[in-house]
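Enquirer: Structure supplied as entry30.pdb; contents: PDB, C-alpha atoms.
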MODEL        1
ATOM      1  CA  MET A   4      67.967  78.520  80.280
ATOM      2  CA  ASP A   5      69.081  81.831  81.729
ATOM      3  CA  ARG A   6      66.784  81.264  84.681
ATOM      4  CA  ILE A   7      68.341  77.835  85.348
ATOM      5  CA  THR A   8      71.844  79.280  85.068
ATOM      6  CA  ARG A   9      70.942  82.027  87.481
ATOM      7  CA  TRP A  10      69.540  79.470  89.883
ATOM      8  CA  LEU A  11      72.645  77.269  89.662
ATOM      9  CA  ARG A  12      75.158  80.094  89.889
ATOM     10  CA  PRO A  13      77.190  79.915  93.115
ATOM     11  CA  THR A  14      76.555  82.628  95.624
ATOM     12  CA  THR A  15      79.986  82.539  97.247
ATOM     13  CA  THR A  16      83.403  82.948  95.648
ATOM     14  CA  ALA A  17      86.475  81.206  97.058
ATOM     15  CA  HIS A  18      89.875  82.640  96.179
ATOM     16  CA  ALA A  19      92.832  80.424  95.351
ATOM     17  CA  HIS A  20      94.826  83.505  96.317
ATOM     18  CA  CYS A  21      97.867  82.910  94.172
ATOM     19  CA  ASP A  22     100.164  85.633  93.049
ATOM     20  CA  LEU A  23     100.549  86.099  89.355
ATOM     21  CA  PRO A  24     103.971  87.672  89.514
ATOM     22  CA  CYS A  25     105.323  89.270  86.373
ATOM     23  CA  GLY A  26     108.743  88.209  87.671
ATOM     24  CA  ILE A  27     110.329  91.633  87.169
ATOM     25  CA  TYR A  28     111.942  92.951  90.351
ATOM     26  CA  ASP A  29     114.606  95.628  90.623
ATOM     27  CA  PRO A  30     115.632  97.882  93.530
ATOM     28  CA  GLU A  31     116.012 100.667  90.963
ATOM     29  CA  GLN A  32     112.297 101.369  91.341
ATOM     30  CA  ALA A  33     112.816 102.124  95.029
ATOM     31  CA  ARG A  34     116.031 104.025  94.340
ATOM     32  CA  ILE A  35     114.417 106.395  91.835
ATOM     33  CA  GLU A  36     111.674 107.300  94.309
ATOM     34  CA  ALA A  37     114.278 107.729  97.076
ATOM     35  CA  GLU A  38     116.327 110.017  94.832
ATOM     36  CA  SER A  39     113.141 112.028  94.267
ATOM     37  CA  CYS A  40     112.867 112.442  98.044
ATOM     38  CA  TYR A  41     116.472 113.630  98.212
ATOM     39  CA  LYS A  42     116.024 116.184  95.424
ATOM     40  CA  ILE A  43     112.690 117.396  96.780
ATOM     41  CA  ILE A  44     114.333 118.106 100.150
ATOM     42  CA  GLU A  45     117.013 120.134  98.321
ATOM     43  CA  LYS A  46     114.330 122.160  96.542
ATOM     44  CA  TYR A  47     112.435 122.571  99.797
ATOM     45  CA  GLU A  48     115.546 123.991 101.468
ATOM     46  CA  ALA A  49     116.208 126.355  98.575
ATOM     47  CA  SER A  50     112.715 127.831  98.531
ATOM     48  CA  THR A  51     111.101 130.443 100.742
ATOM     49  CA  ASP A  52     107.700 130.128  99.077
ATOM     50  CA  PRO A  53     105.390 128.544 101.692
ATOM     51  CA  ILE A  54     103.068 127.111  99.027
ATOM     52  CA  PHE A  55     105.964 125.526  97.146
ATOM     53  CA  ARG A  56     107.357 124.135 100.385
ATOM     54  CA  ALA A  57     103.975 122.666 101.336
ATOM     55  CA  ARG A  58     103.702 121.025  97.909
ATOM     56  CA  ALA A  59     107.253 119.708  98.228
ATOM     57  CA  ILE A  60     106.449 118.039 101.542
ATOM     58  CA  HIS A  61     103.274 116.521 100.153
ATOM     59  CA  ILE A  62     105.043 115.091  97.095
ATOM     60  CA  LYS A  63     107.984 113.834  99.164
ATOM     61  CA  GLU A  64     105.579 111.924 101.410
ATOM     62  CA  GLU A  65     104.006 110.290  98.360
ATOM     63  CA  ARG A  66     107.440 109.327  97.003
ATOM     64  CA  ALA A  67     108.545 107.904 100.350
ATOM     65  CA  ASP A  68     105.417 105.750 100.388
ATOM     66  CA  LEU A  69     106.327 104.472  96.926
ATOM     67  CA  VAL A  70     109.799 103.570  98.214
ATOM     68  CA  LYS A  71     108.186 101.449 100.917
ATOM     69  CA  GLN A  72     105.841  99.835  98.436
ATOM     70  CA  HIS A  73     108.654  98.872  96.048
ATOM     71  CA  LEU A  74     110.775  97.535  98.920
ATOM     72  CA  ASP A  75     107.854  95.484 100.224
ATOM     73  CA  VAL A  76     107.331  93.873  96.820
ATOM     74  CA  LEU A  77     111.021  92.958  96.647
ATOM     75  CA  TRP A  78     111.005  91.611 100.176
ATOM     76  CA  HIS A  79     107.805  89.588  99.891
ATOM     77  CA  ASP A  80     107.834  88.499  96.275
ATOM     78  CA  TYR A  81     111.403  88.405  94.973
ATOM     79  CA  PHE A  82     113.413  87.238  97.982
ATOM     80  CA  LYS A  83     112.872  83.626  99.017
ATOM     81  CA  PRO A  84     113.906  81.727 102.177
ATOM     82  CA  GLU A  85     116.909  80.215 100.389
ATOM     83  CA  HIS A  86     118.286  83.710  99.737
ATOM     84  CA  VAL A  87     118.864  84.157 103.471
ATOM     85  CA  ALA A  88     121.815  81.788 103.157
ATOM     86  CA  ALA A  89     123.469  84.200 100.696
ATOM     87  CA  VAL A  90     122.369  87.342 102.546
ATOM     88  CA  PRO A  91     122.149  86.455 106.256
ATOM     89  CA  ASN A  92     121.069  89.984 107.281
ATOM     90  CA  LEU A  93     118.327  90.130 104.637
ATOM     91  CA  HIS A  94     115.379  90.649 106.982
ATOM     92  CA  GLU A  95     117.200  93.133 109.173
ATOM     93  CA  LEU A  96     118.271  95.034 106.054
ATOM     94  CA  PHE A  97     114.692  95.342 104.777
ATOM     95  CA  TRP A  98     113.437  96.214 108.240
ATOM     96  CA  ASN A  99     115.996  99.030 108.501
ATOM     97  CA  THR A 100     115.436 100.255 104.956
ATOM     98  CA  THR A 101     111.646 100.439 105.187
ATOM     99  CA  LYS A 102     111.966 102.095 108.607
ATOM    100  CA  GLN A 103     114.329 104.638 107.048
ATOM    101  CA  ALA A 104     111.797 105.282 104.259
ATOM    102  CA  SER A 105     109.240 106.061 106.964
ATOM    103  CA  LYS A 106     111.726 108.435 108.563
ATOM    104  CA  VAL A 107     112.295 110.208 105.246
ATOM    105  CA  LYS A 108     108.551 110.569 104.826
ATOM    106  CA  ALA A 109     108.474 112.665 107.999
ATOM    107  CA  SER A 110     111.830 114.419 107.602
ATOM    108  CA  VAL A 111     113.225 117.352 105.624
ATOM    109  CA  ASP A 112     116.811 116.427 106.469
ATOM    110  CA  LYS A 113     118.908 115.470 103.440
ATOM    111  CA  ALA A 114     121.051 113.224 105.629
ATOM    112  CA  ASP A 115     118.015 111.005 106.226
ATOM    113  CA  ALA A 116     117.382 110.758 102.479
ATOM    114  CA  GLN A 117     121.068 109.956 101.878
ATOM    115  CA  LYS A 118     120.960 107.207 104.502
ATOM    116  CA  LEU A 119     117.936 105.732 102.720
ATOM    117  CA  LEU A 120     119.853 105.731  99.432
ATOM    118  CA  ASP A 121     122.797 104.009 101.141
ATOM    119  CA  LEU A 122     120.493 101.305 102.493
ATOM    120  CA  ILE A 123     118.892 100.838  99.067
ATOM    121  CA  ASN A 124     122.422 100.309  97.727
ATOM    122  CA  GLU A 125     122.743  97.440 100.195
ATOM    123  CA  VAL A 126     119.400  96.018  99.024
ATOM    124  CA  ASP A 127     120.685  96.342  95.469
ATOM    125  CA  ALA A 128     123.825  94.390  96.412
ATOM    126  CA  ALA A 129     121.645  91.657  97.953
ATOM    127  CA  TRP A 130     119.520  91.542  94.802
ATOM    128  CA  LYS A 131     122.627  91.175  92.640
ATOM    129  CA  LYS A 132     124.168  88.593  94.972
ATOM    130  CA  THR A 133     121.086  86.404  94.611
ATOM    131  CA  GLY A 134     121.092  86.652  90.821
ATOM    132  CA  GLY A 135     118.347  89.254  90.561
ATOM    133  CA  GLU A 136     119.911  91.000  87.621
ATOM    134  CA  GLU A 137     120.014  87.866  85.496
ATOM    135  CA  LYS A 138     116.771  86.319  86.771
ATOM    136  CA  THR A 139     114.351  89.192  86.969
ATOM    137  CA  ARG A 140     115.106  91.602  84.134
ATOM    138  CA  VAL A 141     114.205  90.844  80.534
ATOM    139  CA  ALA A 142     117.695  91.652  79.265
ATOM    140  CA  GLY A 143     119.624  92.580  82.405
ATOM    141  CA  ARG A 144     119.754  96.091  83.783
ATOM    142  CA  PRO A 145     120.261  98.723  81.065
ATOM    143  CA  SER A 146     123.807 100.097  81.168
TER     144      SER A 146
ATOM    145  CA  MET B  13      94.893  75.701  92.524
ATOM    146  CA  ARG B  14      95.368  74.849  88.886
ATOM    147  CA  PRO B  15      94.921  72.306  87.401
ATOM    148  CA  ALA B  16      92.554  70.846  90.036
ATOM    149  CA  ILE B  17      90.495  74.040  90.245
ATOM    150  CA  GLU B  18      90.307  76.575  87.440
ATOM    151  CA  PRO B  19      89.060  80.136  87.808
ATOM    152  CA  GLY B  20      85.318  80.153  87.227
ATOM    153  CA  ASP B  21      84.695  76.552  88.293
ATOM    154  CA  TRP B  22      81.367  76.085  90.083
ATOM    155  CA  LEU B  23      81.741  73.725  93.019
ATOM    156  CA  LEU B  24      79.519  71.849  95.405
ATOM    157  CA  VAL B  25      80.884  71.867  98.917
ATOM    158  CA  ASP B  26      80.075  70.014 102.101
ATOM    159  CA  PRO B  27      79.515  72.641 104.774
ATOM    160  CA  SER B  28      78.919  70.037 107.473
ATOM    161  CA  ALA B  29      82.661  69.348 107.799
ATOM    162  CA  ARG B  30      83.690  70.052 111.371
ATOM    163  CA  ARG B  31      87.086  68.356 111.255
ATOM    164  CA  TRP B  32      89.886  68.639 108.738
ATOM    165  CA  PRO B  33      89.202  66.030 106.019
ATOM    166  CA  ARG B  34      91.802  63.526 104.883
ATOM    167  CA  ARG B  35      95.076  64.623 103.345
ATOM    168  CA  GLY B  36      94.669  65.608  99.681
ATOM    169  CA  SER B  37      91.150  66.962 100.160
ATOM    170  CA  ILE B  38      90.348  70.430  98.873
ATOM    171  CA  VAL B  39      88.873  72.742 101.474
ATOM    172  CA  VAL B  40      87.263  76.157 101.608
ATOM    173  CA  PHE B  41      88.340  78.173 104.637
ATOM    174  CA  LEU B  42      88.723  81.638 106.028
ATOM    175  CA  GLU B  43      92.269  82.597 105.159
ATOM    176  CA  PRO B  44      94.461  84.009 107.948
ATOM    177  CA  GLU B  45      95.858  87.506 107.306
ATOM    178  CA  THR B  46      93.439  88.367 104.483
ATOM    179  CA  GLU B  47      90.199  86.998 106.003
ATOM    180  CA  LEU B  48      89.209  86.011 102.450
ATOM    181  CA  ILE B  49      87.275  82.851 101.687
ATOM    182  CA  ALA B  50      90.041  80.755 100.161
ATOM    183  CA  ILE B  51      90.490  77.297  98.678
ATOM    184  CA  LYS B  52      93.534  75.063  99.209
ATOM    185  CA  ARG B  53      94.494  71.430  99.606
ATOM    186  CA  VAL B  54      95.052  69.695 102.955
ATOM    187  CA  ALA B  55      98.731  68.740 102.981
ATOM    188  CA  ALA B  56      98.907  67.600 106.599
ATOM    189  CA  ARG B  57      96.254  66.953 109.261
ATOM    190  CA  PRO B  58      96.117  67.511 113.016
ATOM    191  CA  GLY B  59      98.929  65.776 114.853
ATOM    192  CA  GLU B  60     100.921  65.141 111.694
ATOM    193  CA  THR B  61     104.396  66.467 111.064
ATOM    194  CA  VAL B  62     105.357  68.956 108.368
ATOM    195  CA  SER B  63     108.985  68.395 107.438
ATOM    196  CA  GLU B  64     111.701  70.349 105.692
ATOM    197  CA  LEU B  65     110.364  73.787 106.586
ATOM    198  CA  PRO B  66     112.965  76.462 105.766
ATOM    199  CA  VAL B  67     113.431  78.873 108.678
ATOM    200  CA  THR B  68     115.973  81.389 109.908
ATOM    201  CA  ASP B  69     116.993  81.220 113.562
ATOM    202  CA  PRO B  70     116.296  84.753 114.852
ATOM    203  CA  ALA B  71     119.016  84.435 117.494
ATOM    204  CA  THR B  72     121.849  83.235 115.293
ATOM    205  CA  GLY B  73     120.627  84.066 111.778
ATOM    206  CA  GLU B  74     121.303  80.435 110.878
ATOM    207  CA  HIS B  75     119.352  79.149 107.876
ATOM    208  CA  LYS B  76     118.031  75.642 108.429
ATOM    209  CA  HIS B  77     115.164  73.226 107.915
ATOM    210  CA  VAL B  78     112.922  72.106 110.741
ATOM    211  CA  GLU B  79     109.973  69.832 111.399
ATOM    212  CA  LEU B  80     106.678  71.224 112.633
ATOM    213  CA  GLN B  81     104.241  69.157 114.687
ATOM    214  CA  LEU B  82     100.673  70.272 114.020
ATOM    215  CA  GLY B  83      98.349  70.818 116.951
ATOM    216  CA  PRO B  84      95.180  68.787 117.570
ATOM    217  CA  ASP B  85      92.997  71.189 115.558
ATOM    218  CA  GLU B  86      95.490  72.405 112.969
ATOM    219  CA  ALA B  87      96.058  71.596 109.311
ATOM    220  CA  TRP B  88      98.756  72.544 106.851
ATOM    221  CA  LEU B  89      97.146  73.888 103.677
ATOM    222  CA  LEU B  90      98.970  74.267 100.375
ATOM    223  CA  GLY B  91      98.053  75.442  96.886
ATOM    224  CA  ASP B  92      98.765  73.162  93.947
ATOM    225  CA  ALA B  93     100.641  75.891  92.061
ATOM    226  CA  ALA B  94     103.433  75.834  94.648
ATOM    227  CA  GLU B  95     105.573  78.494  93.044
ATOM    228  CA  HIS B  96     102.879  81.160  93.174
ATOM    229  CA  SER B  97     100.626  80.017  95.990
ATOM    230  CA  ILE B  98     100.188  81.976  99.186
ATOM    231  CA  ASP B  99      99.418  79.292 101.742
ATOM    232  CA  SER B 100     100.548  77.751 105.039
ATOM    233  CA  ARG B 101     104.149  78.347 104.030
ATOM    234  CA  ARG B 102     103.338  82.000 104.617
ATOM    235  CA  TYR B 103     100.660  82.080 107.288
ATOM    236  CA  GLY B 104     101.399  78.833 109.112
ATOM    237  CA  PRO B 105      99.010  76.129 110.337
ATOM    238  CA  VAL B 106      95.301  76.851 110.024
ATOM    239  CA  SER B 107      92.963  76.180 112.905
ATOM    240  CA  VAL B 108      89.843  74.083 112.322
ATOM    241  CA  ASP B 109      87.605  76.952 113.390
ATOM    242  CA  ARG B 110      88.522  78.552 110.047
ATOM    243  CA  LEU B 111      87.280  75.559 108.047
ATOM    244  CA  ILE B 112      84.127  76.411 106.083
ATOM    245  CA  ALA B 113      83.554  73.379 103.868
ATOM    246  CA  ARG B 114      85.101  70.560 101.874
ATOM    247  CA  ALA B 115      84.874  70.931  98.097
ATOM    248  CA  TRP B 116      83.798  67.665  96.494
ATOM    249  CA  PHE B 117      82.087  68.137  93.115
ATOM    250  CA  ARG B 118      82.397  70.469  90.121
ATOM    251  CA  TYR B 119      79.120  71.064  88.285
ATOM    252  CA  ALA B 120      80.287  73.683  85.825
ATOM    253  CA  PRO B 121      81.651  74.097  83.293
ATOM    254  CA  ILE B 122      80.021  70.948  81.921
ATOM    255  CA  ARG B 123      83.197  69.781  80.169
ATOM    256  CA  ARG B 124      84.899  69.628  83.588
ATOM    257  CA  LEU B 125      81.961  68.022  85.381
ATOM    258  CA  GLY B 126      83.025  65.541  88.057
ATOM    259  CA  ARG B 127      84.509  64.952  91.472
ATOM    260  CA  VAL B 128      87.091  67.412  92.691
ATOM    261  CA  ARG B 129      90.394  65.624  93.201
TER     262      ARG B 129
ENDMDL
END
Just dump the structure as structure tokens.
Expert:
Amino acid sequence: MDRITRWLRPTTTAHAHCDLPCGIYDPEQARIEAESCYKIIEKYEASTDPIFRARAIHIKEERADLVKQHLDVLWHDYFKPEHVAAVPNLHELFWNTTKQASKVKASVDKADAQKLLDLINEVDAAWKKTGGEEKTRVAGRPS
Amino acid sequence: MRPAIEPGDWLLVDPSARRWPRRGSIVVFLEPETELIAIKRVAARPGETVSELPVTDPATGEHKHVELQLGPDEAWLLGDAAEHSIDSRRYGPVSVDRLIARAWFRYAPIRRLGRVR
């Protein structure tokens, strides 16, 4: 029987390629990583230890990548075409915010990290305007 | 592709297909963007019109619905689980040179044996 099964088993797999979204989306994930970048730059500025500073840069780059990842998930998976009616600058906002995250990855200027946080605030406002808080958190955002 | 296709279904396919089969057929194709072998349903065939496509005018930012006329070798492929499916709504019309086969029969599991519809 095993031999027959082996013989009949398909040799190629086709993917239906559907997302299985958990449905939980919140710009807070991106904000926390962006705040990490901000604080790491502060610590970098305050230190004269070259090893510490090298570690700080390495960790900041990782955190900035996480910001981009969380923003991408929001952009691709949470926001839908109909949300553009409520937030007409949605695509430009995400474009600018992810670009700013890339800038922070390469920068040790706190002003760049602050600008990223400001843009994430705008993403947060878009998320709230489209009902994200009610739709995508289990019991709203913790207060 | 649930409920038509379940994960783990074993399918017979017709690899001789050289043109997009009739609307409603299930096809195996090379997916744009991912280059994965994917399976979806033909929602519109070459020359047909896809209506009510939501788009944003890049010049004005206006949100509207448009019609899309498919080219002579293009099909519009959709997943059955519309809410979660990544399909032509994301990557657009699919050219016939990406068509691999038409799925037509499920031979396992035995309890689901039969034509693919």
Enquirer: With only C-alpha atoms considered, list every residue of chain B at most 6 Å from chain A, as a ChimeraX atom specification.
Expert: /B:13,49-51,75,96-98
Enquirer: Using only C-alpha atoms, which protein or nucleic acid residues come within 9 Å of region 40-42 of chain B? Drop anything in the same chain fewer than 5 positions from it, and give the result as a list in words.
Expert: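 Result of the neighbour search: Ala17 and His18 of chain A; Val25, Glu47, Leu48, Ile49, Ala50, Ile51, Lys52, Arg53, Val106, Val108, Asp109, Arg110, Leu111, Ile112, Ala113, Arg114 and Ala115 of chain B.
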Enquirer: Translate the PyMOL selection byres ((chain B and resi 37) around 9) into a concrete residue list for this structure, as a list in words.
Expert: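 Matching residues under the PyMOL selection byres ((chain B and resi 37) around 9) are Trp32, Pro33, Arg34, Arg35, Gly36, Ile38, Val39, Lys52, Arg53, Val54, Ala55, Arg114, Ala115, Trp116, Val128 and Arg129 of chain B.
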Enquirer: Which residue out of A:Gln117, A:Trp98, A:Thr8, A:Phe82 has the minimum interatomic distance to Lys132 (chain A) when all atoms listed in the file are used?
Expert: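 Looking only at the distances to Lys132 (chain A), the closest residue turns out to be A:Phe82.
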Enquirer: As a check of understanding, name the residues that the PyMOL selection byres ((chain B and resi 18-23) around 7) selects in the supplied structure, as a ChimeraX atom specification.
Expert: /A:13 /B:13-17,24-25,115,117-121
Enquirer: Quick one: pull the distance between CA of Leu122 (chain A) and CA of Glu31 (chain A), Å, one decimal.
Expert: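 The value is 12.4 Å.
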Enquirer: Distance CA of Tyr81 (chain A)-CA of Lys106 (chain A), one decimal place?
Expert: 24.2 Å
Enquirer: How would you write, as a ChimeraX atom specification, the residues chosen by the PyMOL selection byres ((chain A and resi 136) around 12) on this structure?
Expert: /A:26-31,81,127-135,137-146
Enquirer: Let me see the file: selected residues, C-alpha atoms, as a PDB file, in the coordinates of the input.
Expert:
ATOM      1  CA  GLY A  26     108.743  88.209  87.671  1.00  0.00           C
ATOM      2  CA  ILE A  27     110.329  91.633  87.169  1.00  0.00           C
ATOM      3  CA  TYR A  28     111.942  92.951  90.351  1.00  0.00           C
ATOM      4  CA  ASP A  29     114.606  95.628  90.623  1.00  0.00           C
ATOM      5  CA  PRO A  30     115.632  97.882  93.530  1.00  0.00           C
ATOM      6  CA  GLU A  31     116.012 100.667  90.963  1.00  0.00           C
ATOM      7  CA  TYR A  81     111.403  88.405  94.973  1.00  0.00           C
ATOM      8  CA  ASP A 127     120.685  96.342  95.469  1.00  0.00           C
ATOM      9  CA  ALA A 128     123.825  94.390  96.412  1.00  0.00           C
ATOM     10  CA  ALA A 129     121.645  91.657  97.953  1.00  0.00           C
ATOM     11  CA  TRP A 130     119.520  91.542  94.802  1.00  0.00           C
ATOM     12  CA  LYS A 131     122.627  91.175  92.640  1.00  0.00           C
ATOM     13  CA  LYS A 132     124.168  88.593  94.972  1.00  0.00           C
ATOM     14  CA  THR A 133     121.086  86.404  94.611  1.00  0.00           C
ATOM     15  CA  GLY A 134     121.092  86.652  90.821  1.00  0.00           C
ATOM     16  CA  GLY A 135     118.347  89.254  90.561  1.00  0.00           C
ATOM     17  CA  GLU A 137     120.014  87.866  85.496  1.00  0.00           C
ATOM     18  CA  LYS A 138     116.771  86.319  86.771  1.00  0.00           C
ATOM     19  CA  THR A 139     114.351  89.192  86.969  1.00  0.00           C
ATOM     20  CA  ARG A 140     115.106  91.602  84.134  1.00  0.00           C
ATOM     21  CA  VAL A 141     114.205  90.844  80.534  1.00  0.00           C
ATOM     22  CA  ALA A 142     117.695  91.652  79.265  1.00  0.00           C
ATOM     23  CA  GLY A 143     119.624  92.580  82.405  1.00  0.00           C
ATOM     24  CA  ARG A 144     119.754  96.091  83.783  1.00  0.00           C
ATOM     25  CA  PRO A 145     120.261  98.723  81.065  1.00  0.00           C
ATOM     26  CA  SER A 146     123.807 100.097  81.168  1.00  0.00           C
TER      27      SER A 146
END
Enquirer: Taking (104.9, 116.8, 99.4) in the file's coordinates, which residues come within 12 Å, counting only C-alpha atoms, written as number ranges by chain?
Expert: A: 39-40, 42-44, 46-47, 53-68, 107-111
Enquirer: For region 8-11 of chain A, I'd like the enclosing box, axis-aligned and padded by 5 Å on every side, reported as AutoDock Vina command-line options with centre and edge lengths in Å to one decimal.
Expert:
--center_x 71.1 --center_y 79.6 --center_z 87.5 --size_x 13.1 --size_y 14.8 --size_z 14.8
Enquirer: So which residues touch Val78 (chain B) within 8 Å, counting all atoms listed in the file, skipping near sequence neighbours fewer than 2 positions away, as a PyMOL selection string?
Expert: chain B and resi 63-67+76+80
Enquirer: If you measure from CA of Thr61 (chain B) to CA of Glu79 (chain B), what distance in Å do you get, rounded to one decimal?
Expert: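 These two atoms are separated by 6.5 Å.
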Enquirer: Given only C-alpha atoms as the basis, pick out the residue of B:Ala94, B:Thr72, B:Asp26, B:Gly104 nearest to Ala56 (chain B).
Expert: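 Nearest to Ala56 (chain B): B:Gly104.
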Enquirer: Please provide as a list in words all residues within 8 Å of Gln103 (chain A), with the sequence filter that same-chain residues fewer than 3 positions apart are discarded (counting all atoms listed in the file).
Expert: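 Near Gln103 (chain A), the qualifying residues are Asn99, Thr100, Lys106, Val107, Asp115, Lys118 and Leu119 of chain A.
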